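start-v4.txt, holding compact mmCIF, N, CA and C atoms:
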```
# COMPACT_ATOMS: atom_id res chain seq x y z
N MET A 1015 -26.20 27.72 185.27
CA MET A 1015 -26.19 29.04 185.88
C MET A 1015 -26.15 28.92 187.41
N ARG A 1016 -26.65 27.88 188.00
CA ARG A 1016 -26.72 27.76 189.46
C ARG A 1016 -25.36 27.83 190.13
N SER A 1017 -24.34 27.27 189.51
CA SER A 1017 -23.05 27.21 190.19
C SER A 1017 -22.37 28.58 190.30
N ARG A 1018 -22.61 29.47 189.36
CA ARG A 1018 -21.98 30.79 189.38
C ARG A 1018 -22.95 31.86 188.88
N PRO A 1019 -24.07 32.05 189.57
CA PRO A 1019 -25.10 32.95 189.04
C PRO A 1019 -24.65 34.39 188.92
N PHE A 1020 -23.72 34.84 189.78
CA PHE A 1020 -23.31 36.24 189.70
C PHE A 1020 -22.57 36.52 188.41
N PHE A 1021 -21.97 35.50 187.83
CA PHE A 1021 -21.21 35.69 186.60
C PHE A 1021 -22.06 35.50 185.35
N ALA A 1022 -23.30 35.13 185.53
CA ALA A 1022 -24.20 34.97 184.39
C ALA A 1022 -24.57 36.34 183.83
N PRO A 1023 -24.70 36.45 182.52
CA PRO A 1023 -25.15 37.72 181.94
C PRO A 1023 -26.59 38.04 182.35
N ILE A 1024 -26.91 39.30 182.40
CA ILE A 1024 -28.27 39.72 182.75
C ILE A 1024 -29.29 39.06 181.83
N ARG A 1025 -28.95 38.92 180.58
CA ARG A 1025 -29.86 38.27 179.63
C ARG A 1025 -30.20 36.84 180.07
N GLU A 1026 -29.22 36.11 180.59
CA GLU A 1026 -29.44 34.75 181.07
C GLU A 1026 -30.26 34.75 182.35
N ILE A 1027 -29.99 35.69 183.23
CA ILE A 1027 -30.76 35.82 184.47
C ILE A 1027 -32.22 36.12 184.14
N ALA A 1028 -32.44 37.02 183.19
CA ALA A 1028 -33.81 37.37 182.77
C ALA A 1028 -34.51 36.15 182.17
N ARG A 1029 -33.81 35.40 181.33
CA ARG A 1029 -34.41 34.21 180.73
C ARG A 1029 -34.81 33.21 181.81
N HIS A 1030 -33.95 33.01 182.78
CA HIS A 1030 -34.23 32.07 183.87
C HIS A 1030 -35.45 32.54 184.69
N ALA A 1031 -35.59 33.85 184.84
CA ALA A 1031 -36.72 34.43 185.59
C ALA A 1031 -37.97 34.58 184.72
N GLU A 1032 -37.84 34.23 183.43
CA GLU A 1032 -38.95 34.34 182.48
C GLU A 1032 -39.46 35.77 182.33
N VAL A 1033 -38.51 36.70 182.27
CA VAL A 1033 -38.82 38.11 181.98
C VAL A 1033 -37.81 38.59 180.95
N GLY A 1034 -38.04 39.78 180.44
CA GLY A 1034 -37.09 40.36 179.50
C GLY A 1034 -35.96 41.07 180.23
N PRO A 1035 -34.80 41.21 179.56
CA PRO A 1035 -33.68 41.91 180.18
C PRO A 1035 -34.03 43.33 180.63
N ALA A 1036 -34.89 44.01 179.86
CA ALA A 1036 -35.27 45.38 180.23
C ALA A 1036 -35.99 45.40 181.58
N THR A 1037 -36.77 44.37 181.86
CA THR A 1037 -37.47 44.29 183.15
C THR A 1037 -36.48 44.16 184.29
N VAL A 1038 -35.46 43.33 184.10
CA VAL A 1038 -34.43 43.19 185.13
C VAL A 1038 -33.73 44.53 185.34
N TYR A 1039 -33.31 45.17 184.25
CA TYR A 1039 -32.60 46.45 184.37
C TYR A 1039 -33.48 47.55 184.97
N ARG A 1040 -34.78 47.50 184.70
CA ARG A 1040 -35.69 48.51 185.25
C ARG A 1040 -35.71 48.44 186.78
N HIS A 1041 -35.68 47.25 187.31
CA HIS A 1041 -35.72 47.07 188.77
C HIS A 1041 -34.34 47.07 189.40
N PHE A 1042 -33.33 46.63 188.65
CA PHE A 1042 -31.96 46.51 189.17
C PHE A 1042 -30.99 47.02 188.12
N PRO A 1043 -30.67 48.32 188.15
CA PRO A 1043 -29.81 48.90 187.12
C PRO A 1043 -28.42 48.27 187.03
N THR A 1044 -27.94 47.65 188.13
CA THR A 1044 -26.64 46.99 188.09
C THR A 1044 -26.78 45.58 188.65
N LYS A 1045 -25.86 44.73 188.27
CA LYS A 1045 -25.87 43.36 188.80
C LYS A 1045 -25.61 43.37 190.30
N GLU A 1046 -24.84 44.33 190.78
CA GLU A 1046 -24.58 44.44 192.21
C GLU A 1046 -25.87 44.73 192.97
N MET A 1047 -26.74 45.57 192.41
CA MET A 1047 -28.02 45.87 193.05
C MET A 1047 -28.91 44.64 193.08
N LEU A 1048 -28.88 43.85 192.02
CA LEU A 1048 -29.64 42.61 191.98
C LEU A 1048 -29.12 41.64 193.04
N ALA A 1049 -27.81 41.47 193.11
CA ALA A 1049 -27.21 40.56 194.09
C ALA A 1049 -27.54 41.01 195.51
N THR A 1050 -27.48 42.30 195.76
CA THR A 1050 -27.79 42.84 197.09
C THR A 1050 -29.25 42.55 197.45
N ALA A 1051 -30.15 42.73 196.50
CA ALA A 1051 -31.57 42.47 196.76
C ALA A 1051 -31.81 41.00 197.06
N VAL A 1052 -31.18 40.11 196.30
CA VAL A 1052 -31.36 38.67 196.53
C VAL A 1052 -30.79 38.29 197.90
N PHE A 1053 -29.59 38.78 198.21
CA PHE A 1053 -28.97 38.48 199.50
C PHE A 1053 -29.83 38.98 200.65
N THR A 1054 -30.32 40.21 200.53
CA THR A 1054 -31.16 40.79 201.58
C THR A 1054 -32.42 39.98 201.78
N GLU A 1055 -33.05 39.55 200.69
CA GLU A 1055 -34.27 38.73 200.79
C GLU A 1055 -33.99 37.43 201.53
N HIS A 1056 -32.87 36.80 201.23
CA HIS A 1056 -32.52 35.55 201.91
C HIS A 1056 -32.23 35.77 203.39
N VAL A 1057 -31.50 36.82 203.71
CA VAL A 1057 -31.19 37.11 205.11
C VAL A 1057 -32.46 37.40 205.90
N LEU A 1058 -33.36 38.17 205.32
CA LEU A 1058 -34.62 38.47 206.01
C LEU A 1058 -35.46 37.21 206.21
N ALA A 1059 -35.46 36.32 205.22
CA ALA A 1059 -36.20 35.06 205.36
C ALA A 1059 -35.58 34.20 206.45
N TRP A 1060 -34.26 34.12 206.49
CA TRP A 1060 -33.59 33.35 207.54
C TRP A 1060 -33.88 33.94 208.91
N ARG A 1061 -33.85 35.26 209.00
CA ARG A 1061 -34.11 35.93 210.27
C ARG A 1061 -35.53 35.65 210.75
N SER A 1062 -36.48 35.70 209.84
CA SER A 1062 -37.87 35.42 210.18
C SER A 1062 -38.02 33.97 210.67
N THR A 1063 -37.35 33.06 209.99
CA THR A 1063 -37.40 31.66 210.39
C THR A 1063 -36.80 31.47 211.77
N LEU A 1064 -35.69 32.11 212.05
CA LEU A 1064 -35.07 32.00 213.37
C LEU A 1064 -35.93 32.63 214.45
N ASP A 1065 -36.53 33.77 214.16
CA ASP A 1065 -37.43 34.41 215.13
C ASP A 1065 -38.61 33.50 215.46
N GLN A 1066 -39.16 32.82 214.44
CA GLN A 1066 -40.26 31.89 214.69
C GLN A 1066 -39.81 30.76 215.59
N GLY A 1067 -38.60 30.29 215.39
CA GLY A 1067 -38.06 29.22 216.22
C GLY A 1067 -37.89 29.64 217.67
N LEU A 1068 -37.46 30.87 217.87
CA LEU A 1068 -37.28 31.37 219.24
C LEU A 1068 -38.60 31.46 219.98
N ALA A 1069 -39.67 31.61 219.25
CA ALA A 1069 -41.00 31.70 219.87
C ALA A 1069 -41.61 30.31 220.08
N GLY A 1070 -40.87 29.26 219.71
CA GLY A 1070 -41.39 27.89 219.80
C GLY A 1070 -41.53 27.40 221.23
N PRO A 1071 -42.12 26.21 221.39
CA PRO A 1071 -42.43 25.66 222.71
C PRO A 1071 -41.21 25.22 223.51
N GLY A 1072 -40.16 24.82 222.86
CA GLY A 1072 -38.97 24.36 223.57
C GLY A 1072 -37.77 24.43 222.66
N PRO A 1073 -36.58 24.41 223.23
CA PRO A 1073 -35.39 24.60 222.41
C PRO A 1073 -35.19 23.53 221.35
N TRP A 1074 -35.40 22.26 221.68
CA TRP A 1074 -35.16 21.21 220.68
C TRP A 1074 -36.19 21.27 219.56
N GLN A 1075 -37.47 21.42 219.90
CA GLN A 1075 -38.51 21.52 218.89
C GLN A 1075 -38.28 22.73 217.99
N ALA A 1076 -37.90 23.84 218.60
CA ALA A 1076 -37.65 25.05 217.83
C ALA A 1076 -36.48 24.83 216.88
N PHE A 1077 -35.40 24.25 217.39
CA PHE A 1077 -34.24 23.99 216.54
C PHE A 1077 -34.60 23.07 215.38
N ALA A 1078 -35.26 21.97 215.68
CA ALA A 1078 -35.58 20.98 214.65
C ALA A 1078 -36.51 21.56 213.58
N SER A 1079 -37.54 22.27 214.00
CA SER A 1079 -38.48 22.82 213.01
C SER A 1079 -37.84 23.92 212.18
N ARG A 1080 -37.02 24.74 212.80
CA ARG A 1080 -36.37 25.83 212.06
C ARG A 1080 -35.28 25.29 211.14
N TRP A 1081 -34.58 24.23 211.58
CA TRP A 1081 -33.57 23.62 210.72
C TRP A 1081 -34.23 23.11 209.43
N GLU A 1082 -35.36 22.45 209.57
CA GLU A 1082 -36.08 21.95 208.39
C GLU A 1082 -36.54 23.10 207.50
N ALA A 1083 -37.01 24.17 208.10
CA ALA A 1083 -37.46 25.33 207.33
C ALA A 1083 -36.29 25.96 206.57
N LEU A 1084 -35.14 26.06 207.21
CA LEU A 1084 -33.97 26.64 206.54
C LEU A 1084 -33.49 25.72 205.41
N ARG A 1085 -33.52 24.42 205.64
CA ARG A 1085 -33.11 23.48 204.60
C ARG A 1085 -34.02 23.54 203.39
N ALA A 1086 -35.31 23.80 203.62
CA ALA A 1086 -36.28 23.86 202.52
C ALA A 1086 -36.05 25.08 201.65
N GLY A 1087 -35.44 26.11 202.21
CA GLY A 1087 -35.16 27.32 201.43
C GLY A 1087 -36.28 28.32 201.48
N PRO A 1088 -36.05 29.49 200.89
CA PRO A 1088 -37.05 30.56 200.92
C PRO A 1088 -38.28 30.19 200.09
N GLY A 1089 -39.38 30.81 200.49
CA GLY A 1089 -40.60 30.63 199.73
C GLY A 1089 -41.40 29.57 200.21
```
Represent the structure from my file as structure tokens, please.
Amino acid sequence: MRSRPFFAPIREIARHAEVGPATVYRHFPTKEMLATAVFTEHVLAWRSTLDQGLAGPGPWQAFASRWEALRAGPG
């Protein structure tokens, strides 16, 4: 599912998230709404990480620490 998650059926997405399909549909009536929510969450996490870097002690330290944070992924 990782290589093409948008093309996965909702039932498969729900199984991967360890919830029932009805739970997914309750929160995200369409797959587009689910994709938008996931994308938005990632963009906000990246933005937060970059903002933290800008507040760092120096440009190189900020870049290096934020690069590692972005590589680690959200969460």
*Hey, what does DSSP flag as alpha helix (DSSP H) within chain A? Can you give it to me as a PyMOL selection string?*
chain A and resi 1024-1031+1035-1041+1045-1068+1073-1086
*Skip range 1081-1083 of chain A itself and residues of its chain fewer than 3 positions away, then list as a PyMOL selection string all residues within 8 Å of it, counting all atoms listed in the file.*
chain A and resi 1060+1063-1064+1067+1075-1078+1086-1088
_Please list as a list in words every residue within 8 Å of Lys1045 in chain A, counting all atoms listed in the file and excluding residues in the same chain fewer than 4 positions away._
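In the requested format, the answer is Phe1020, Ile1024, Tyr1039, Ala1049, Thr1050 and Ala1051 of chain A.
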Saved selection, atoms kept: N, CA and C atoms, as an mmCIF file, in the frame of the given file:
```cif
data_model
loop_
_atom_site.group_PDB
_atom_site.id
_atom_site.type_symbol
_atom_site.label_atom_id
_atom_site.label_comp_id
_atom_site.auth_asym_id
_atom_site.auth_seq_id
_atom_site.Cartn_x
_atom_site.Cartn_y
_atom_site.Cartn_z
ATOM 1 N N PHE A 1020 -23.720 34.840 189.780
ATOM 2 C CA PHE A 1020 -23.310 36.240 189.700
ATOM 3 C C PHE A 1020 -22.570 36.520 188.410
ATOM 4 N N ILE A 1024 -26.910 39.300 182.400
ATOM 5 C CA ILE A 1024 -28.270 39.720 182.750
ATOM 6 C C ILE A 1024 -29.290 39.060 181.830
ATOM 7 N N TYR A 1039 -33.310 45.170 184.250
ATOM 8 C CA TYR A 1039 -32.600 46.450 184.370
ATOM 9 C C TYR A 1039 -33.480 47.550 184.970
ATOM 10 N N ALA A 1049 -27.810 41.470 193.110
ATOM 11 C CA ALA A 1049 -27.210 40.560 194.090
ATOM 12 C C ALA A 1049 -27.540 41.010 195.510
ATOM 13 N N THR A 1050 -27.480 42.300 195.760
ATOM 14 C CA THR A 1050 -27.790 42.840 197.090
ATOM 15 C C THR A 1050 -29.250 42.550 197.450
ATOM 16 N N ALA A 1051 -30.150 42.730 196.500
ATOM 17 C CA ALA A 1051 -31.570 42.470 196.760
ATOM 18 C C ALA A 1051 -31.810 41.000 197.060
#
```
*How many Å separate CA of Arg1029 in chain A from CA of Thr1054 in chain A?*
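Here the two named atoms are 22.1 Å from each other.
For the atom pair formed by atom N of Pro1035 in chain A and atom C of Leu1048 in chain A, the distance is 14.6 Å, given to one decimal.
Counting from CA of Arg1025 in chain A, the distance to CA of Val1038 in chain A is 8.7 Å.
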_Selected residue, from A:Ala1059, A:Leu1068, A:Val1033, A:Val1052, that lies nearest to Leu1084 in chain A when counting only N, CA and C atoms_ = A:Ala1059
